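Trainee: Encoded as structure tokens, here's the structure I'll be asking about.
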There are 4 protein chains.
Amino acid sequence: MKNTFGTSVAVTLFGESHGPEIGAVIDGLAPGLPVDESFIAGQLTLRRPAGRIGTARQETDAFRIVSGVFEGRTTGSALTILIPNADTRSGDYQRGPARPGHADYAAFAKYHGFEDYRGGGHFSGRITAALVAAAAVVIPALQAKGILAGTHVARCAGINDAPFSEDLAADLRKLNSRSFAVLDESKEAQMREAIESAAARGDSVGGILETAVLGLPAGVGEPWFDTVESVLSHALFSVPAVKGVEFGDGFALADMTGSQANDPFRMRGGKPCTVTNHNGGVNGGITNGMPLLFRCAVKPTPSIALEQQTINPLTGEETGLKITGRHDPAIVHRARVVVDSVTVLTLCDLLAPRYGTDWLANSKL
Amino acid sequence: MKNTFGTSVAVTLFGESHGPEIGAVIDGLAPGLPVDESFIAGQLTLRRPAGRIGTARQETDAFRIVSGVFEGRTTGSALTILIPNADTRSGDYQRGPARPGHADYAAFAKYHGFEDYRGGGHFSGRITAALVAAAAVVIPALQAKGILAGTHVARCAGINDAPFSEDLAADLRKLNSRSFAVLDESKEAQMREAIESAAARGDSVGGILETAVLGLPAGVGEPWFDTVESVLSHALFSVPAVKGVEFGDGFALADMTGSQANDPFRMRGGKPCTVTNHNGGVNGGITNGMPLLFRCAVKPTPSIALEQQTINPLTGEETGLKITGRHDPAIVHRARVVVDSVTVLTLCDLLAPRYGTDWLANSKL
Amino acid sequence: MKNTFGTSVAVTLFGESHGPEIGAVIDGLAPGLPVDESFIAGQLTLRRPAGRIGTARQETDAFRIVSGVFEGRTTGSALTILIPNADTRSGDYQRGPARPGHADYAAFAKYHGFEDYRGGGHFSGRITAALVAAAAVVIPALQAKGILAGTHVARCAGINDAPFSEDLAADLRKLNSRSFAVLDESKEAQMREAIESAAARGDSVGGILETAVLGLPAGVGEPWFDTVESVLSHALFSVPAVKGVEFGDGFALADMTGSQANDPFRMRGGKPCTVTNHNGGVNGGITNGMPLLFRCAVKPTPSIALEQQTINPLTGEETGLKITGRHDPAIVHRARVVVDSVTVLTLCDLLAPRYGTDWLANSKL
Amino acid sequence: MKNTFGTSVAVTLFGESHGPEIGAVIDGLAPGLPVDESFIAGQLTLRRPAGRIGTARQETDAFRIVSGVFEGRTTGSALTILIPNADTRSGDYQRGPARPGHADYAAFAKYHGFEDYRGGGHFSGRITAALVAAAAVVIPALQAKGILAGTHVARCAGINDAPFSEDLAADLRKLNSRSFAVLDESKEAQMREAIESAAARGDSVGGILETAVLGLPAGVGEPWFDTVESVLSHALFSVPAVKGVEFGDGFALADMTGSQANDPFRMRGGKPCTVTNHNGGVNGGITNGMPLLFRCAVKPTPSIALEQQTINPLTGEETGLKITGRHDPAIVHRARVVVDSVTVLTLCDLLAPRYGTDWLANSKL
């Protein structure tokens, strides 16, 4: 249903890039969860552009929680977070030609020209700040239950990060403490350089995000149609610029044989485990208790300084376009916290029906 | 919501591999659509295994429509299709060790051992027959509106089919007339041979399905969270064995620059079009009027004759397993019509809210 | 969403009065619930017309469960019940003038004439047989948890039954064992006589059903918009002929003062209770642990033998109409089990999110 | 789903009586609707308490629209209205004994004591201000399509207003222009006097609201389970203090015969009409083109100054309670605009699927 995602734990997003405020309503949270505003602020910082590889637009992201929290804890009713748009320079964004690779023309076709076109309006990546804030409310509670998610920039501008190690928990903790999420720190400089170099050419680059989630119990998800993969991909594909999602070995599985792709089961510490994890922790759409693994393809930022061919949707006129203003030459490194955020919100929605409304606050999985 | 997909046009699936009947309820159809039972039968034939590369299980798929059709047309109320399970040899499937790569263990964890384990039960690919029958009700109506979908086996066991040509409409008509959906007919024999060779080794192979949809209007989908990509991937990932979904150039976009990935707009015949289609007909989650293009990774069939290591979920015992009985050494060529089916059902659900309940019957897009 | 009710435990209804089969899919049930087919048959008998005060149409209601049950217990996947329409005399129902008080004209306006008009088609009370069968799957499990529902014909043709006594549990057990659900047995004969007398005049009568539910925990329901009253009334108003729903003292509360209407709290056995129950067990839309009490107004059967004025929707012609064929001169006494059924299904849907998927099978409230 | 109502046009409510802001997100609106802020302000004024018969709490209800409106028109994306809580005297509301007739104890049982108890928190009637503002966005657009809703205080403290006249349209226009919505102006003084008299005794009174909607096309609603009556009652029962809902003659139909209750059809101006309207414009759950008529029972305000018996939910202690602070001795006259609001929002949600997203902006019914 449009701007709402989730059934048991549901997030509604609203706002436009250049409107007064953006925000999120999170409904269905257990009552009694401690709300850590400094953690929320920290997550927002991870999403914010920084330094030479980010847009010059600087938001302080001074959020306000206006409902659903009382005396520092969730009440169990709808929690609303508002984030003012402090630094909006609408003059930079007049209705003009449709920017290639952006939603401009598709939005025009959908909304008949009534859309707020400034800075992408409701389609702007800016809206993900509200999503990140919403997720930050539940991340500590999930971690307290042993559910830990993390994402790294597995590839950017053709440069690969190191793969996940044997010690996934350590990898995830490391990633969650870094502003540029790579496992091999030496890759940060290379990736930054490649991004800056693209920016210098007036161009942009993309990449691949790889996510792992530890601590999920076996048995989560539905066979038809709400498989874990279905519900997660639904959320992930709504993150701007994500154009591909794969679980486990994903597209590489297409070239494997069954004897290579099947993950044999063994008992470890009295618990069924798989020896390999080509299926990314999901069999038949249901978690099998192994780490959940998936990858998202993030396309290069469509806002580039180079001249492009396009049309004006209002007039139907063909025209050239040179985009000026503030833009990211890459968003893959910023999208990382957005992917984490939609992941944890989706997991809350998948787990709540199985364990009941209060599970996140009270019960032990 | 569990076994139901869709809000405006919703499909509910039920049944188990070895139960008496499987079926689907399709709700929200426009009244007055002609129902072509021979077309439904034809689509079911495309899904059925055949020859040496399919399981020996042969179903006649003699479906019955028990509600929602009157005097050959949809009534507008819930349409129910039932398909009896004629050829069930439950003796082949006793509760035993969890088959690696299958849902057996995950289902056990979810349903605490109460699941119907025979032949995968409710997780069985058999259930997709009901999905195919459901979609076959609407395909002719969509085609009458100029919306044409088709899928080819773009890759199987490492063998590539030819890519889509300039004349996509001709390609799709060709694919829809073939039982083994390749664009380059010479590839069918090679792929069949590779499948048979895997079968001879007691193994199985996977592949990639590539789908195109023509005739979609611009402006379909929602920015958050029901993007066209989100909703389609949700449906596609519930097709058994799909482990990756990508739109347009998908994962390849991660290595492109913005100037390569952006699709420039031009006017053609008074209508905005893109010169290239790297984004697969979707910008910002909304259709832009270009052909919708996506690819699904299909993993190799997990049922293989080779001995595998596994456990017995009931006892927690480690054991070896040699799967006997009837199995497909590949399902990618059969999954093709399933992917088509979930695609058209999803498109109906995406289009209906925009154009109203009756659009499929009465209006012109 | 159309023919589906419920989110956590969802029921989808399909079928037409004169189609081959009607049925229901119940999704979201806990795995492991014993399914008692003789109890289902018994509930269907309560709904069936009998004797001189029912329609002459006699259905054996020989249901089949075709999915979701394995070795006598629910599997946790979608459970489908089919009921063939054995005794359909379609000759009795040709497309003709719109029957006043029936859905005929409204359905024509909605479905543009494509609806199956025979016997009311999908609008027929016949469809409630599937609803009753669906509810009969869960009633024993609810009772095992101490949740007991029952309904009596509080009023029929102007004749009042006795009110509920102090011993509600005994009242409900009594009602559930009776084919004509009155608390004061002497009223059955009076009501039957009044119904027969109406039938003899070619007319019909209505009545009021009063329901009580014992054993609901406090804290069920949502403030906005899924209050217990909201969700129950949603279900109840979809029972054919229900035109009013009130909780507790309902419309009588409009004439009371706050000091009369408020139910004072006291502790009883260490548990908060109210001294009176004018609010019917619901405060602010949430259960308070007291018995849930509500009443439904059931209008007189619209099928009457007396001549009526009407139009032919196809031609727009004014005409007279004398309905022949088999009809109930009252349905209030039959609707009683339908009201019970939608009540228990709705309660399952309200309770499941709070206690988790498996609560009905495993946990103690 | 909890704090969200509607599927096509959905409203999400958030906020607490004494939190910083309350608000609503309206999703699914057609793009291009003019937004009339002075009309919104006017509707909020109708809801606000005034004079001696209202609570002394005075809110200016200075709302802000922070998303979904651009250049004075709806954009088609989520529209968010925020209303600050200006006049909160939290000192008046300490956690204390459960107020009888209020949600206090039920909320405590549901949220385990984490709820914001101040002034009823999220259960407060205060939240309806956001609902009224949300509805005020669409009312002018509905009226432009000829759909006109209005509600009068049909009964208050035992005093009846005049019934609707033959000229319903004039009645509704009259009601919508009045701050105290009665058809017979002489009744306002009597009702006010009865309310003041109850207040003087430390008590409160209830009443009945009667609503009519003109201009609805025939064919709106679904047979199972989303009948017009089902969906409206769902919304209406979430209005605080509503304890009964009846359509057409409602409970009075229970005592009528079929020949009295059936509404004969005739043609008027080439259009099917009913001669009477005992069924309130709904047959079989679907609109028949006649005026939609329904009535809501509103219980007396539970906040009374008289001493009451109750318990403290935290301690389980029995205690007496005298409620001090600002309270309404009646809310029926204020609830009138809330009932209008949920009615029009529900109608938007019922009409949109039939006519498509843009119907409210562009098309003619």
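Labels used: A, B, ... for chains in the order of the structure tokens, numbers from 1 for residues in each chain, and numbers from 1 for ligands as shown.
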Return as a tab-separated table the residues of chain B lying at most 6 Å from chain C, together with the closest atom-to-atom pair for each and the distance in Å to one decimal, counting only C-alpha atoms, with rows in chain order and ascending residue number.
Mentor:
```
residue	atom	partner	partner_atom	distance
B:Phe14	CA	C:Ala78	CA	5.5
B:Gly15	CA	C:Ser67	CA	4.7
B:Pro20	CA	C:Val66	CA	5.6
B:Glu21	CA	C:Val66	CA	5.6
B:Pro31	CA	C:Tyr111	CA	5.7
B:Gly32	CA	C:Phe114	CA	5.6
B:Val66	CA	C:Pro20	CA	5.6
B:Ser67	CA	C:Gly15	CA	4.7
B:Phe70	CA	C:Asp116	CA	5.7
B:Thr75	CA	C:Glu115	CA	4.6
B:Ala78	CA	C:Phe14	CA	5.5
B:Tyr111	CA	C:Pro31	CA	5.7
B:Phe114	CA	C:Thr75	CA	5.0
B:Glu115	CA	C:Thr75	CA	4.6
B:Asp116	CA	C:Phe70	CA	5.7
```
Trainee: Store the residues picked out above, limited to C-alpha atoms, as a compact mmCIF listing (two decimals), in the first residue's frame.
Mentor:
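selection.txt, written as the output of this step:
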```txt
# COMPACT_ATOMS: atom_id res chain seq x y z
CA PHE B 14 -3.66 -23.46 -1.63
CA GLY B 15 -2.84 -27.13 -1.77
CA PRO B 20 -6.35 -34.21 -3.16
CA GLU B 21 -6.47 -30.85 -4.99
CA PRO B 31 -16.57 -8.50 -14.70
CA GLY B 32 -17.12 -9.54 -18.31
CA VAL B 66 -15.95 -23.62 -9.59
CA SER B 67 -16.75 -19.97 -9.01
CA PHE B 70 -20.92 -17.40 -15.60
CA THR B 75 -18.58 -12.29 -13.00
CA ALA B 78 -13.88 -14.48 -6.67
CA TYR B 111 5.49 -25.76 11.45
CA PHE B 114 2.88 -30.70 11.48
CA GLU B 115 3.59 -29.82 7.83
CA ASP B 116 2.56 -32.19 5.05
```
Trainee: DSSP on the backbone: which residues in range 64-117 of chain B end up as helix (DSSP H, G or I)? Give the answer as a PyMOL selection string.
Mentor: chain B and resi 90-92+104-111
Trainee: DSSP on the backbone, then: every residue of range 132-219 of chain A marked strand (DSSP E or B), written as an NGL selection string.
Mentor: :A and (148-156 or 159-160 or 205 or 207-214)
Trainee: So how many Å separate CA of Asp349 in chain B and CA of Gly284 in chain A, to one decimal?
Mentor: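 Separation of CA of Asp349 in chain B and CA of Gly284 in chain A: 24.4 Å.
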Trainee: Considering only C-alpha atoms, return as an MDAnalysis selection string whatever protein or nucleic-acid residues lie within 8 Å of Leu232 in chain D, sequence-local ones (same chain, fewer than 5 positions apart) excluded.
Mentor: (chainID C and resid 234) or (chainID D and resid 342:343 346)
Trainee: Please write the residues from the selection above to a file, keeping N, CA and C atoms, as a PDB file, in the first residue's frame.
Mentor:
```pdb
ATOM      1  N   HIS C 234     -17.327  -4.936  11.276  1.00  0.00           N
ATOM      2  CA  HIS C 234     -16.958  -5.125   9.869  1.00  0.00           C
ATOM      3  C   HIS C 234     -17.391  -6.518   9.410  1.00  0.00           C
TER       4      HIS C 234
ATOM      5  N   VAL D 342     -14.995  10.628   9.135  1.00  0.00           N
ATOM      6  CA  VAL D 342     -14.668   9.237   8.841  1.00  0.00           C
ATOM      7  C   VAL D 342     -15.553   8.744   7.694  1.00  0.00           C
ATOM      8  N   THR D 343     -16.745   9.296   7.583  1.00  0.00           N
ATOM      9  CA  THR D 343     -17.622   8.879   6.491  1.00  0.00           C
ATOM     10  C   THR D 343     -17.025   9.252   5.137  1.00  0.00           C
ATOM     11  N   THR D 346     -13.891   7.233   4.318  1.00  0.00           N
ATOM     12  CA  THR D 346     -14.247   5.854   3.971  1.00  0.00           C
ATOM     13  C   THR D 346     -14.833   5.793   2.563  1.00  0.00           C
TER      14      THR D 346
END
```
Trainee: If you count only C-alpha atoms, which residues fall within 9 Å of Thr227 in chain C, apart from same-chain ones fewer than 6 positions away, as JSON, numbers by chain?
Mentor: {"C": [220, 221, 282, 284, 285, 286, 287], "D": [2, 234, 237, 238]}
Trainee: Residues of the last selection are to be written out with C-alpha atoms, as a PDB file, in the first residue's frame.
Mentor:
```pdb
ATOM      1  CA  VAL C 220      -7.179  -7.026  22.759  1.00  0.00           C
ATOM      2  CA  GLY C 221      -7.906  -4.545  19.946  1.00  0.00           C
ATOM      3  CA  VAL C 282     -14.903  -3.039  25.602  1.00  0.00           C
ATOM      4  CA  GLY C 284     -11.779   2.586  24.215  1.00  0.00           C
ATOM      5  CA  GLY C 285     -12.059  -0.180  21.645  1.00  0.00           C
ATOM      6  CA  ILE C 286      -9.979  -2.615  23.741  1.00  0.00           C
ATOM      7  CA  THR C 287     -11.261  -5.598  25.692  1.00  0.00           C
TER       8      THR C 287
ATOM      9  CA  LYS D   2      -3.607  -0.549  13.633  1.00  0.00           C
ATOM     10  CA  HIS D 234     -15.407  -0.281  10.954  1.00  0.00           C
ATOM     11  CA  PHE D 237     -16.809   2.294  15.710  1.00  0.00           C
ATOM     12  CA  SER D 238     -13.312   3.677  15.994  1.00  0.00           C
TER      13      SER D 238
END
```
Trainee: Which residue gives the smallest distance to Pro223 in chain C among D:Leu253, D:Val298, D:Ala198, D:Ala241, with only C-alpha atoms counted?
Mentor: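 Selected residue with least distance to Pro223 in chain C: D:Ala241.
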Trainee: Could you check which of D:Gly258, D:Ala297, D:Arg268, D:Tyr105 is closest to Gly244 in chain D, using only C-alpha atoms?
Mentor: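 Under the stated criterion, the closest residue is D:Ala297.
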Trainee: Set the distance at 8 Å and use only C-alpha atoms: which residues neighbour range 160-177 of chain D once local chain neighbours fewer than 3 positions away are removed? I'd like the list as a PyMOL selection string.
Mentor: chain D and resi 148-156+181-184+187+212+214
Trainee: Report, in Å with one decimal, the straight-line distance from CA of Gly207 in chain D to CA of Asp226 in chain C.
Mentor: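 Separation of CA of Gly207 in chain D and CA of Asp226 in chain C: 23.4 Å.
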